[in-house]
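Remarks on the structure that follows.
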Amino acid sequence: NASCSPLSPCMRGLVAASRSCGIDRGGVASEIRSRARDPGVTGTSRMGPNIEALIFDVDGTLIDTNAVHVAVWCSVLSTIGLAVAPERIAGEIGQGGDRLLHSLFGPEEARRLGPALQGQWAETYRAHLRTVQIKAFPKSHEIFAALRARGVRVALATSNSRELMAVLRERVRIAFPEVIVTGEDVRATKPAPDIVLVAAERLGVEPIRCVYVGDTPYDAMAATAAGARAWCVLTGSHSEAALRAAGAERIWSDVSALYADLDKLLPWAQRSNA
């Protein structure tokens, strides 16, 4: 659909619509609970030993890009004559593109359309990132230095490709940590635990001593399935109720609110640096 290019009024309208929507609507929270009971997808949140590492999701958590994800998916699907409401897509953002298509269209159509659509999505999204304003959420840069000062290890774990992460690095003022796990490093995408497990392994920290910070139920499900804690922020498209239902142990309005609570969350780390 030529009228729905990345810079068109149509795309801008989709971005605005997706930013205003949540998924705390009929049946969605119960659907997330159902997915959470699938073997290998999620476990039970629990209090554990002292935290040694925080692993962060990127889109919707550190950088305000979820609305762009939604708008690009709408545009790509429209090229093959599929009209999907932005709020429907917003509810699926946070898991891998393969699982998103599976949720929207079922397994057979996802297998048939998936490779071409995901390739088209990546190309369109990459072009979009280079031409629109992308911003990091407040304290997304400062939180890494604050954690390192407390002796806490940090990593990123994202469904993005390495190429897309390179583009994001160019566009936002965040000093990314050295350990970055992308969708290319794992077999199964979120809400499977793979991405959290690989990040923990690269950090040299047991998953039970890790926290995964994200903005979607799929982040929370991946964390608990890995045996890590799930902390969430409300800067994505999902409601607090949906995040709780998926296993989030703690929820903040945004990363800056989490940043403000670091001393309370990591009292042993604070004492070790006193």
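All residue names refer to the structure tokens as shown: chains lettered A, B, ... in order, residues numbered from 1 in each chain, ligands numbered from 1 in order.
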Close residues, Cys74 (chain A) itself excluded, 8 Å, only C-alpha atoms, min 5 positions apart in chain, as an MDAnalysis selection string | chainID A and resid 14 83:86 89
Counting only C-alpha atoms, the residue among A:Asp261, A:Asp254, A:Asp219, A:Asp57 that lies closest to Thr158 (chain A) is A:Asp57
Please provide as a ChimeraX atom specification all residues within 9 Å of Thr61 (chain A), with the sequence filter that same-chain residues fewer than 4 positions apart are discarded (counting only C-alpha atoms).
-> /A:56-57,65,136-137,140,213-216,232-236,254-255
Just write the chosen residues, N, CA and C atoms, as a PDB file, in the first residue's frame.
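Printed below is out.pdb as written:
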ATOM      1  N   PHE A  56      18.510  -5.923  30.544  1.00  0.00           N
ATOM      2  CA  PHE A  56      17.464  -5.032  30.072  1.00  0.00           C
ATOM      3  C   PHE A  56      16.994  -5.381  28.664  1.00  0.00           C
ATOM      4  N   ASP A  57      15.683  -5.382  28.496  1.00  0.00           N
ATOM      5  CA  ASP A  57      15.087  -5.305  27.168  1.00  0.00           C
ATOM      6  C   ASP A  57      15.389  -3.910  26.620  1.00  0.00           C
ATOM      7  N   THR A  65      10.342   2.977  21.081  1.00  0.00           N
ATOM      8  CA  THR A  65      10.208   2.497  19.704  1.00  0.00           C
ATOM      9  C   THR A  65       9.032   1.550  19.482  1.00  0.00           C
ATOM     10  N   ALA A 136      15.498   8.063  23.797  1.00  0.00           N
ATOM     11  CA  ALA A 136      15.650   7.170  24.939  1.00  0.00           C
ATOM     12  C   ALA A 136      14.805   7.695  26.081  1.00  0.00           C
ATOM     13  N   PHE A 137      14.281   6.790  26.887  1.00  0.00           N
ATOM     14  CA  PHE A 137      13.523   7.211  28.056  1.00  0.00           C
ATOM     15  C   PHE A 137      14.481   7.804  29.101  1.00  0.00           C
ATOM     16  N   SER A 140      17.799   6.255  31.016  1.00  0.00           N
ATOM     17  CA  SER A 140      18.229   5.023  30.348  1.00  0.00           C
ATOM     18  C   SER A 140      19.740   4.979  30.177  1.00  0.00           C
ATOM     19  N   VAL A 213      14.611  -6.814  33.031  1.00  0.00           N
ATOM     20  CA  VAL A 213      13.752  -5.633  33.059  1.00  0.00           C
ATOM     21  C   VAL A 213      13.157  -5.425  31.672  1.00  0.00           C
ATOM     22  N   GLY A 214      11.825  -5.417  31.585  1.00  0.00           N
ATOM     23  CA  GLY A 214      11.173  -5.234  30.297  1.00  0.00           C
ATOM     24  C   GLY A 214       9.869  -4.472  30.425  1.00  0.00           C
ATOM     25  N   ASP A 215       9.151  -4.397  29.324  1.00  0.00           N
ATOM     26  CA  ASP A 215       7.905  -3.624  29.306  1.00  0.00           C
ATOM     27  C   ASP A 215       6.708  -4.436  28.845  1.00  0.00           C
ATOM     28  N   THR A 216       6.894  -5.720  28.596  1.00  0.00           N
ATOM     29  CA  THR A 216       5.800  -6.526  28.074  1.00  0.00           C
ATOM     30  C   THR A 216       5.618  -7.809  28.886  1.00  0.00           C
ATOM     31  N   CYS A 232       9.282  -4.862  35.584  1.00  0.00           N
ATOM     32  CA  CYS A 232       8.718  -4.246  34.381  1.00  0.00           C
ATOM     33  C   CYS A 232       8.503  -2.748  34.552  1.00  0.00           C
ATOM     34  N   VAL A 233       8.405  -2.068  33.411  1.00  0.00           N
ATOM     35  CA  VAL A 233       8.073  -0.650  33.357  1.00  0.00           C
ATOM     36  C   VAL A 233       6.853  -0.472  32.468  1.00  0.00           C
ATOM     37  N   LEU A 234       6.143   0.637  32.680  1.00  0.00           N
ATOM     38  CA  LEU A 234       4.878   0.873  31.988  1.00  0.00           C
ATOM     39  C   LEU A 234       5.028   1.801  30.784  1.00  0.00           C
ATOM     40  N   THR A 235       6.170   1.749  30.121  1.00  0.00           N
ATOM     41  CA  THR A 235       6.411   2.611  28.970  1.00  0.00           C
ATOM     42  C   THR A 235       6.109   1.919  27.648  1.00  0.00           C
ATOM     43  N   GLY A 236       5.577   0.710  27.709  1.00  0.00           N
ATOM     44  CA  GLY A 236       5.166   0.011  26.496  1.00  0.00           C
ATOM     45  C   GLY A 236       3.674   0.136  26.274  1.00  0.00           C
ATOM     46  N   ASP A 254       8.482   4.013  34.749  1.00  0.00           N
ATOM     47  CA  ASP A 254       9.510   4.050  33.702  1.00  0.00           C
ATOM     48  C   ASP A 254      10.865   3.750  34.320  1.00  0.00           C
ATOM     49  N   VAL A 255      11.910   3.770  33.489  1.00  0.00           N
ATOM     50  CA  VAL A 255      13.250   3.442  33.961  1.00  0.00           C
ATOM     51  C   VAL A 255      13.746   4.469  34.976  1.00  0.00           C
TER      52      VAL A 255
END
Residues at most 10 Å from region 204-212 of chain A, counting only C-alpha atoms, excluding those fewer than 2 positions away in the same chain, as a ChimeraX atom specification?
-> /A:46-57,152-157,196-202,214,219-232,248-249
Alpha helix (DSSP H) residues, from DSSP on the backbone, in region 52-171 of chain A, as number ranges by chain | A: 66-78, 86-90, 97-105, 107-131, 142-149, 162-171
Looking only at the backbone, which of the residues in region 91-228 of chain A does DSSP tag as strand (DSSP E or B), as a ChimeraX atom specification?
-> /A:93,95,136,153-157,180-181,210-214
